[in-house]
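The structure under discussion appears below in the form of structure tokens.
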Amino acid sequence: MITADSQEQISSKFEEEFKKIEAEVKRPNILIVGGTGVGKSTIVNQIFGEGTVAVGEGMPVTKEIEKIDLPGRDVTLFDTVGFEIGKDQKFQSEIFDFIGKRNEKPVEEQIHLIWHVISASSARITTYDKELNQKLQESRIPVALIFSKCDEVNEDDLEAMVKVINPNSNFNDAFVSNNSPFFTTDHKEQLEAEENLSLSKVVEWSIKNLPASLELAFISAQMINIEAKRQKANSIINQHTAGNALIGGSPIPFSDAPVLIASQAGMIARILYVYDFENYKQIATGFMASSGASLVISNIGRSIAGNLLKLIPGVGTVIGGLINAVIASAITYAMGKATSEVMFKLNTQILNGEIEKANDIIENFESLFAELFSQFFKLKAKNNGGI
């Protein structure tokens, strides 16, 4: 049984890890370029969560640009509110002066991505939009060109617009290729999660084009591509699993248990952050300090036999280390995968608007976690050659 002191210690460790993430995470800065009424706010709300941005809520940075700090999201947006007919040259001067000044600052204050939004409803690219896009490309900042309101035009219209920007491209190259910076969106994406394919691609493109130090915050902040969250969680799990296998192989008797718990707390905290831990931190922290932590300690207890073998000179130390390496990696892997899969299911249900199913997952968190932990623990142990 886990003691009250152990509960408090583990809860404190999780709280420490959450605060560490908050202190260390680096926020990406995204500049969103486009005229009034092209659908910028709609796109932002779809990617980062409904109600994230309301019209006119940003803080003015210049006469033409507003800074938007997303509530509960570690991403900063800069919106080009000054893009109006009759202000074209002034707008261009303002935006490129802004980009230039930001790029003279430290990396964390620079503009890291540009989303250029053009309404496809007119079925044409203006000379101004073409020139603006070319100049944006010259800024050496990755630029995504997002055509909004595409339900109002056909495939031929979209291909014609793409060719204005890139004469050598075609519809398939632009909108089917995973590496293309061209994207489409329409009103259907607001209605059904399964229609969010194009905006999911915007997210994938953004992750690929962000510096590695900034992708964690962006993956956590975006709400539309749950698979990207799972992939990032898997990367975190693999890192900690490999590290804890080395800890388990340490020749120091009984040294692995507290170190493993600390490492797993860091891993789980980061997984929860990837899945937007602000919504689930209280539930998960309380759970991990009770039943979840009991699973960790119970299974680590199984490594004591290996630790005893470490006390035997010579070959006993090697054998003990090998046994503990297998157990340590299996425990860590199972803890991480169970946490990730529960959060993946929960995020998916919320994205699909299936609130009753989401509440069911929360109510049965403990049993679902325990079942998944057991499955992944046995799988990892078997793949590692058994315990």
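Please note that chains go A, B, ... in the order of the structure tokens, that every chain numbers its residues from 1, and that ligands are numbered from 1 in the order shown.
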Do you know which residues are at most 9 Å from Glu215 in chain A counting only C-alpha atoms, after dropping those on the same chain fewer than 5 positions away, and could you put them as a JSON list (two decimals) with N, CA and C atoms, in the first residue's frame?
[["chain", "number", "residue", "atom", "x", "y", "z"],
["A", 26, "LYS", "N", 9.05, 27.14, -24.56],
["A", 26, "LYS", "CA", 9.30, 28.30, -25.43],
["A", 26, "LYS", "C", 8.11, 28.46, -26.38],
["A", 27, "ARG", "N", 7.58, 29.67, -26.46],
["A", 27, "ARG", "CA", 6.37, 29.95, -27.24],
["A", 27, "ARG", "C", 6.72, 30.32, -28.68],
["A", 28, "PRO", "N", 6.10, 29.65, -29.66],
["A", 28, "PRO", "CA", 6.27, 30.10, -31.05],
["A", 28, "PRO", "C", 5.44, 31.34, -31.33],
["A", 206, "SER", "N", 3.23, 23.18, -39.96],
["A", 206, "SER", "CA", 3.77, 24.11, -38.97],
["A", 206, "SER", "C", 4.76, 23.41, -38.05],
["A", 207, "ILE", "N", 4.44, 22.19, -37.62],
["A", 207, "ILE", "CA", 5.35, 21.44, -36.75],
["A", 207, "ILE", "C", 6.67, 21.18, -37.46],
["A", 208, "LYS", "N", 6.59, 20.79, -38.73],
["A", 208, "LYS", "CA", 7.81, 20.50, -39.50],
["A", 208, "LYS", "C", 8.68, 21.74, -39.68],
["A", 209, "ASN", "N", 8.06, 22.91, -39.75],
["A", 209, "ASN", "CA", 8.80, 24.13, -40.05],
["A", 209, "ASN", "C", 9.17, 24.97, -38.84],
["A", 210, "LEU", "N", 8.77, 24.53, -37.65],
["A", 210, "LEU", "CA", 9.15, 25.23, -36.44],
["A", 210, "LEU", "C", 10.51, 24.70, -35.95],
["A", 220, "SER", "N", 1.05, 21.17, -28.20],
["A", 220, "SER", "CA", 0.14, 21.23, -27.06],
["A", 220, "SER", "C", -1.01, 22.21, -27.32]]
Counting only C-alpha atoms, what is within 6 Å of range 263-272 of chain A, bar same-chain residues fewer than 6 positions away, as a compact mmCIF listing (two decimals) with N, CA and C atoms, in the first residue's frame?
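File written: around.txt
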# COMPACT_ATOMS: atom_id res chain seq x y z
N PHE A 14 4.95 15.80 -9.09
CA PHE A 14 4.21 16.18 -10.28
C PHE A 14 4.05 17.68 -10.38
N GLU A 17 7.17 19.14 -11.58
CA GLU A 17 7.38 18.91 -13.01
C GLU A 17 6.51 19.83 -13.86
N PHE A 18 5.26 20.05 -13.44
CA PHE A 18 4.38 20.96 -14.18
C PHE A 18 4.96 22.37 -14.19
N ALA A 233 3.90 12.49 -27.91
CA ALA A 233 3.91 11.72 -26.66
C ALA A 233 4.76 10.47 -26.80
**OP:** Quick one: everything within 7 Å of range 364-373 of chain A, counting only C-alpha atoms, minus sequence neighbours fewer than 6 positions away in the same chain. Send it as a list of chain:residue names.
**Re:** A:Ala334, A:Met335, A:Ala338, A:Thr339, A:Val342
Could those residues be written to a file, using C-alpha atoms, as a JSON list (two decimals), in the first residue's frame?
[["chain", "number", "residue", "atom", "x", "y", "z"],
["A", 334, "ALA", "CA", 3.63, 1.12, -19.90],
["A", 335, "MET", "CA", 3.13, 4.20, -17.72],
["A", 338, "ALA", "CA", -1.29, 4.16, -20.81],
["A", 339, "THR", "CA", -1.30, 7.88, -19.99],
["A", 342, "VAL", "CA", -6.22, 7.62, -22.18]]
Original post:
How many Å separate CA of Ala221 in chain A from CA of Ile99 in chain A?
Top reply: 23.1 Å
**OP:** For CA of Phe78 in chain A and CA of Ile32 in chain A, quote the distance in Å rounded to one decimal.
**Re:** 6.0 Å
**OP:** Determine the nearest neighbour of Asp173 in chain A from the options A:Glu159, A:Asp186, A:Glu16, A:Glu66, counting only C-alpha atoms.
**Re:**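 Selected residue with least distance to Asp173 in chain A: A:Glu159.
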**OP:** Rounded to one decimal place, report the CA of Lys19 in chain A-CA of Thr332 in chain A distance in Å.
**Re:**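 Answer for the CA of Lys19 in chain A to CA of Thr332 in chain A separation: 21.5 Å.
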If you take only C-alpha atoms and a cut-off of 10 Å, which residues of range 14-124 of chain A touch range 181-184 of chain A, and what are their nearest atom pairs and distances in Å to one decimal, in chain and number order, as JSON lines?
{"residue": "A:Trp115", "atom": "CA", "partner": "A:Pro181", "partner_atom": "CA", "distance": 9.6}
{"residue": "A:His116", "atom": "CA", "partner": "A:Phe182", "partner_atom": "CA", "distance": 9.8}
{"residue": "A:Val117", "atom": "CA", "partner": "A:Phe183", "partner_atom": "CA", "distance": 9.4}
{"residue": "A:Ile118", "atom": "CA", "partner": "A:Thr184", "partner_atom": "CA", "distance": 9.8}
{"residue": "A:Ser119", "atom": "CA", "partner": "A:Thr184", "partner_atom": "CA", "distance": 9.8}
{"residue": "A:Ala120", "atom": "CA", "partner": "A:Thr184", "partner_atom": "CA", "distance": 8.8}
Would you write out those residues with C-alpha atoms, as a short mmCIF file (atom, residue, chain, number, x, y, z; two decimals), in the first residue's frame?
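Output (again.cif):
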data_model
loop_
_atom_site.label_atom_id
_atom_site.label_comp_id
_atom_site.auth_asym_id
_atom_site.auth_seq_id
_atom_site.Cartn_x
_atom_site.Cartn_y
_atom_site.Cartn_z
CA TRP A 115 0.06 32.03 -42.24
CA HIS A 116 -1.07 34.01 -45.28
CA VAL A 117 -4.86 33.74 -45.61
CA ILE A 118 -6.61 34.54 -48.90
CA SER A 119 -10.34 34.18 -49.54
CA ALA A 120 -10.93 31.86 -52.49
#
